[in-house]
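Enquirer: File name my_file_29.pdb; file contents PDB, C-alpha atoms; full text below.
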```pdb
ATOM      1  CA  MET B   1      39.694 -22.734  33.733
ATOM      2  CA  SER B   2      39.946 -19.928  36.254
ATOM      3  CA  GLY B   3      36.951 -18.137  37.765
ATOM      4  CA  ARG B   4      37.695 -15.058  35.671
ATOM      5  CA  GLN B   5      37.781 -17.071  32.460
ATOM      6  CA  ALA B   6      34.459 -18.719  33.336
ATOM      7  CA  ILE B   7      32.842 -15.355  34.063
ATOM      8  CA  ALA B   8      34.249 -13.924  30.826
ATOM      9  CA  GLY B   9      32.831 -16.919  28.934
ATOM     10  CA  VAL B  10      29.386 -16.513  30.488
ATOM     11  CA  LEU B  11      29.399 -12.781  29.712
ATOM     12  CA  ALA B  12      30.370 -13.482  26.102
ATOM     13  CA  VAL B  13      27.488 -15.966  25.733
ATOM     14  CA  LEU B  14      25.042 -13.498  27.305
ATOM     15  CA  ALA B  15      26.238 -10.750  24.939
ATOM     16  CA  LEU B  16      25.663 -13.040  21.936
ATOM     17  CA  LEU B  17      22.193 -13.964  23.193
ATOM     18  CA  GLY B  18      21.393 -10.276  23.686
ATOM     19  CA  GLU B  19      22.501  -9.487  20.128
ATOM     20  CA  ALA B  20      20.421 -12.391  18.793
ATOM     21  CA  GLY B  21      17.402 -11.140  20.759
ATOM     22  CA  THR B  22      17.881  -7.626  19.426
ATOM     23  CA  ALA B  23      18.178  -8.947  15.863
ATOM     24  CA  ARG B  24      14.967 -10.980  16.314
ATOM     25  CA  ALA B  25      13.151  -7.938  17.706
ATOM     26  CA  GLN B  26      14.314  -5.772  14.784
ATOM     27  CA  SER B  27      13.320  -8.518  12.350
ATOM     28  CA  LEU B  28       9.828  -8.678  13.882
ATOM     29  CA  GLU B  29       9.606  -4.873  13.845
ATOM     30  CA  TYR B  30      10.296  -4.774  10.109
ATOM     31  CA  GLN B  31       7.916  -7.662   9.414
ATOM     32  CA  ILE B  32       5.189  -5.607  11.079
ATOM     33  CA  LYS B  33       6.203  -2.445   9.200
ATOM     34  CA  ALA B  34       6.233  -4.403   5.924
ATOM     35  CA  ASN B  35       2.695  -5.592   6.565
ATOM     36  CA  TYR B  36       1.591  -2.055   7.367
ATOM     37  CA  LEU B  37       3.165  -0.712   4.155
ATOM     38  CA  VAL B  38       1.256  -3.214   2.059
ATOM     39  CA  ARG B  39      -1.999  -2.635   3.975
ATOM     40  CA  PHE B  40      -1.753   1.170   3.658
ATOM     41  CA  ALA B  41      -2.470   0.779  -0.068
ATOM     42  CA  ALA B  42      -6.039  -0.353   0.611
ATOM     43  CA  PHE B  43      -6.766   2.738   2.735
ATOM     44  CA  VAL B  44      -5.467   5.415   0.362
ATOM     45  CA  GLU B  45      -7.054   6.651  -2.852
ATOM     46  CA  TRP B  46      -4.882   8.011  -5.668
ATOM     47  CA  PRO B  47      -6.118  10.215  -8.499
ATOM     48  CA  PRO B  48      -6.703   8.230 -11.713
ATOM     49  CA  SER B  49      -3.872  10.181 -13.376
ATOM     50  CA  ALA B  50      -1.377   8.524 -10.981
ATOM     51  CA  PHE B  51      -1.635   5.294 -13.003
ATOM     52  CA  ALA B  52      -0.550   4.657 -16.583
ATOM     53  CA  SER B  53      -3.652   2.542 -17.248
ATOM     54  CA  ALA B  54      -6.590   0.887 -15.528
ATOM     55  CA  ALA B  55      -4.574  -2.339 -15.316
ATOM     56  CA  ALA B  56      -1.306  -0.758 -14.096
ATOM     57  CA  PRO B  57       0.014  -2.073 -10.773
ATOM     58  CA  LEU B  58       0.299  -0.063  -7.596
ATOM     59  CA  ASN B  59       4.061   0.379  -7.154
ATOM     60  CA  LEU B  60       5.384   0.156  -3.600
ATOM     61  CA  CYS B  61       8.969   1.411  -3.600
ATOM     62  CA  VAL B  62      11.770   1.311  -1.053
ATOM     63  CA  ALA B  63      14.180   4.201  -1.604
ATOM     64  CA  GLY B  64      17.637   4.140  -0.034
ATOM     65  CA  ARG B  65      18.780   1.367   2.297
ATOM     66  CA  ASP B  66      16.232  -1.473   2.503
ATOM     67  CA  PRO B  67      15.727  -2.683   6.110
ATOM     68  CA  PHE B  68      13.007  -5.202   5.216
ATOM     69  CA  GLY B  69      14.869  -8.050   3.546
ATOM     70  CA  GLN B  70      12.386 -10.696   2.417
ATOM     71  CA  ALA B  71       9.682  -9.509   4.856
ATOM     72  CA  LEU B  72       8.323  -6.979   2.360
ATOM     73  CA  ASP B  73       8.347  -9.519  -0.476
ATOM     74  CA  ALA B  74       6.393 -11.945   1.726
ATOM     75  CA  ALA B  75       3.905  -9.257   2.818
ATOM     76  CA  ALA B  76       3.246  -8.097  -0.754
ATOM     77  CA  ALA B  77       3.105 -11.529  -2.394
ATOM     78  CA  ALA B  78      -0.153 -11.846  -4.361
ATOM     79  CA  GLN B  79      -1.658  -8.756  -2.651
ATOM     80  CA  THR B  80      -3.918  -6.271  -4.371
ATOM     81  CA  ALA B  81      -5.400  -2.899  -3.518
ATOM     82  CA  HIS B  82      -8.281  -1.243  -5.363
ATOM     83  CA  GLY B  83      -8.177  -4.085  -7.909
ATOM     84  CA  ARG B  84      -4.503  -3.484  -8.690
ATOM     85  CA  ARG B  85      -1.623  -5.855  -8.142
ATOM     86  CA  ILE B  86       0.976  -4.502  -5.690
ATOM     87  CA  ALA B  87       4.426  -4.478  -7.312
ATOM     88  CA  LEU B  88       7.641  -3.931  -5.338
ATOM     89  CA  ARG B  89      10.520  -1.800  -6.540
ATOM     90  CA  ARG B  90      13.771  -1.237  -4.674
ATOM     91  CA  LEU B  91      15.500   2.007  -5.549
ATOM     92  CA  GLY B  92      19.002   3.174  -4.786
ATOM     93  CA  GLU B  93      19.743   6.350  -2.853
ATOM     94  CA  ARG B  94      19.872   8.441  -6.018
ATOM     95  CA  ASP B  95      17.133   6.731  -8.042
ATOM     96  CA  ARG B  96      14.090   8.796  -8.860
ATOM     97  CA  THR B  97      10.735   7.764  -7.456
ATOM     98  CA  GLY B  98       8.782   8.313 -10.665
ATOM     99  CA  GLY B  99       6.099   5.680 -11.115
ATOM    100  CA  CYS B 100       5.950   4.903  -7.385
ATOM    101  CA  HIS B 101       2.659   5.183  -5.517
ATOM    102  CA  ILE B 102       4.016   4.429  -2.042
ATOM    103  CA  VAL B 103       7.621   5.252  -1.141
ATOM    104  CA  TYR B 104       9.304   4.101   2.053
ATOM    105  CA  LEU B 105      12.273   6.378   2.741
ATOM    106  CA  GLY B 106      15.170   4.216   3.912
ATOM    107  CA  ARG B 107      18.495   5.592   5.111
ATOM    108  CA  GLY B 108      20.045   7.905   2.518
ATOM    109  CA  ALA B 109      16.891   8.322   0.429
ATOM    110  CA  GLN B 110      15.623  11.610  -0.944
ATOM    111  CA  PRO B 111      11.881  12.346  -0.770
ATOM    112  CA  PRO B 112       9.877  12.435  -4.016
ATOM    113  CA  GLU B 113       9.321  15.691  -5.828
ATOM    114  CA  ASN B 114       6.601  17.948  -4.437
ATOM    115  CA  GLY B 115       3.266  17.597  -6.149
ATOM    116  CA  ALA B 116       3.679  13.917  -7.008
ATOM    117  CA  ALA B 117       0.710  11.715  -6.054
ATOM    118  CA  VAL B 118       2.905   9.520  -3.864
ATOM    119  CA  LEU B 119       2.262   8.325  -0.311
ATOM    120  CA  VAL B 120       5.580   8.943   1.447
ATOM    121  CA  VAL B 121       6.374   6.846   4.535
ATOM    122  CA  SER B 122       9.225   7.616   6.918
ATOM    123  CA  ASP B 123      10.512   5.782   9.971
ATOM    124  CA  SER B 124      11.724   7.050  13.335
ATOM    125  CA  ALA B 125      14.416   4.350  13.187
ATOM    126  CA  VAL B 126      15.898   6.281  10.239
ATOM    127  CA  THR B 127      14.908   9.937  10.714
ATOM    128  CA  THR B 128      12.954  12.286  12.930
ATOM    129  CA  GLN B 129      11.679  14.036   9.796
ATOM    130  CA  ARG B 130       8.035  13.087   9.370
ATOM    131  CA  ALA B 131       6.539  12.185   6.037
ATOM    132  CA  MET B 132       2.829  11.635   5.315
ATOM    133  CA  ILE B 133       3.005   8.505   7.444
ATOM    134  CA  HIS B 134       5.775   8.206  10.031
ATOM    135  CA  PHE B 135       6.474   4.936  11.879
ATOM    136  CA  VAL B 136       7.350   5.089  15.570
ATOM    137  CA  ILE B 137       7.659   2.582  18.392
ATOM    138  CA  ALA B 138       5.224   3.478  21.197
ATOM    139  CA  THR B 139       4.643   1.257  24.214
ATOM    140  CA  ASN B 140       6.643  -1.513  22.504
ATOM    141  CA  ARG B 141       4.355  -1.504  19.461
ATOM    142  CA  VAL B 142       4.800  -0.288  15.895
ATOM    143  CA  ARG B 143       2.540   2.736  15.508
ATOM    144  CA  PHE B 144       2.414   5.709  13.139
ATOM    145  CA  HIS B 145       1.583   9.384  12.790
ATOM    146  CA  ILE B 146      -0.249  10.743   9.741
ATOM    147  CA  ASP B 147       0.082  14.138   8.089
ATOM    148  CA  LYS B 148      -3.305  14.406   6.371
ATOM    149  CA  THR B 149      -2.567  17.886   5.040
ATOM    150  CA  ALA B 150       0.567  16.695   3.202
ATOM    151  CA  ALA B 151      -1.369  13.745   1.757
ATOM    152  CA  GLU B 152      -4.147  16.025   0.503
ATOM    153  CA  GLN B 153      -1.575  18.348  -1.088
ATOM    154  CA  ALA B 154      -0.370  15.281  -3.032
ATOM    155  CA  ARG B 155      -4.000  14.647  -4.100
ATOM    156  CA  LEU B 156      -4.279  11.528  -1.909
ATOM    157  CA  GLN B 157      -7.305  10.667   0.191
ATOM    158  CA  ILE B 158      -6.638   8.641   3.346
ATOM    159  CA  SER B 159      -9.521   6.595   4.707
ATOM    160  CA  SER B 160     -10.943   7.592   8.084
ATOM    161  CA  ARG B 161     -10.399   3.967   9.148
ATOM    162  CA  LEU B 162      -6.622   4.433   8.765
ATOM    163  CA  LEU B 163      -6.714   7.908  10.312
ATOM    164  CA  ASN B 164      -8.400   6.424  13.397
ATOM    165  CA  LEU B 165      -5.489   3.992  13.881
ATOM    166  CA  ALA B 166      -2.863   6.750  13.929
ATOM    167  CA  LEU B 167      -1.314   8.050  17.138
ATOM    168  CA  ASP B 168      -2.072  11.544  15.878
ATOM    169  CA  VAL B 169      -3.197  13.187  12.662
ATOM    170  CA  ARG B 170      -1.931  16.566  11.486
ATOM    171  CA  GLY B 171      -4.592  18.504   9.624
ATOM    172  CA  ARG B 172      -7.576  16.619  11.006
ATOM    173  CA  ALA B 173     -10.651  18.776  11.542
ATOM    174  CA  ARG B 174     -11.598  18.792  15.210
TER     175      ARG B 174
END
```
Have the structure of the file written as structure tokens, please.
Expert:
Amino acid sequence: MSGRQAIAGVLAVLALLGEAGTARAQSLEYQIKANYLVRFAAFVEWPPSAFASAAAPLNLCVAGRDPFGQALDAAAAAQTAHGRRIALRRLGERDRTGGCHIVYLGRGAQPPENGAAVLVVSDSAVTTQRAMIHFVIATNRVRFHIDKTAAEQARLQISSRLLNLALDVRGRAR
């Protein structure tokens, strides 16, 4: 094996290791985001009319391309919020978000209709367009911005405990 072939082989191995590291980092990022999505449910209050009945589940929906894989299933398994079971629904790009209480907007997804009591979550990995909660990576950590005004227009109340964790809050009284 010549010196050039050896160097090419080492570079190929390093490239594969780099790709594997990137994939692991993205996997961890979406595990964290999945846990946040499930936890958000406990810090948001929906109007009673948002649910079909007192026993109806809280529907967490992923619209468009799903980046979570099994991480969201694992995060939501046997979880509840406000005494309601958290149920997952995966929607296609063109599926309507009716019946959803939290919607994560994946690539290609359309936001829910205005006026719906739905917590809409967007992701800087997908779009710069901010929803009520918008994930970002800041100082190598998953963080989020909150648009309190948009949430209130949808008749949602976000707990001050969640607002205090946000990088910034639009519509917060100073």
Enquirer: For B:Gly64, which residue out of B:Pro48, B:Gly106, B:Gly83, B:Gly99 is the nearest one, using only C-alpha atoms?
Expert: B:Gly106
Enquirer: Name the residues that the PyMOL selection byres ((chain B and resi 136-152) around 7) picks from the file above, as a PyMOL selection string, using the file's chain letters and numbers.
Expert: chain B and resi 29+119+123-124+132-135+153-157+166-172
Enquirer: Give as a list of chain:residue names each residue that has an atom at most 10 Å from (10.0, -0.1, 1.0) in the file, counting all atoms listed in the file.
Expert: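 I get B:Lys33, B:Ala34, B:Leu37, B:Val38, B:Leu60, B:Cys61, B:Val62, B:Ala63, B:Gly64, B:Arg65, B:Asp66, B:Pro67, B:Phe68, B:Gly69, B:Leu72, B:Asp73, B:Leu88, B:Arg89, B:Arg90, B:Leu91, B:Ile102, B:Val103, B:Tyr104, B:Leu105, B:Gly106, B:Val121, B:Ser122 for the residues within 10 Å of that point.
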Enquirer: Quick one: distance from atom CA of B:Ser49 to atom CA of B:Gln129 in Å, one decimal?
Expert: 28.2 Å
Enquirer: Report, as lines of an AutoDock Vina configuration file, the centre and edge lengths in Å (one decimal) of the axis-aligned box enclosing every listed atom of stretch 104-108 of chain B, padded by 3 Å on each side.
Expert:
```
center_x = 14.7
center_y = 6.0
center_z = 3.6
size_x = 16.7
size_y = 9.8
size_z = 9.1
```
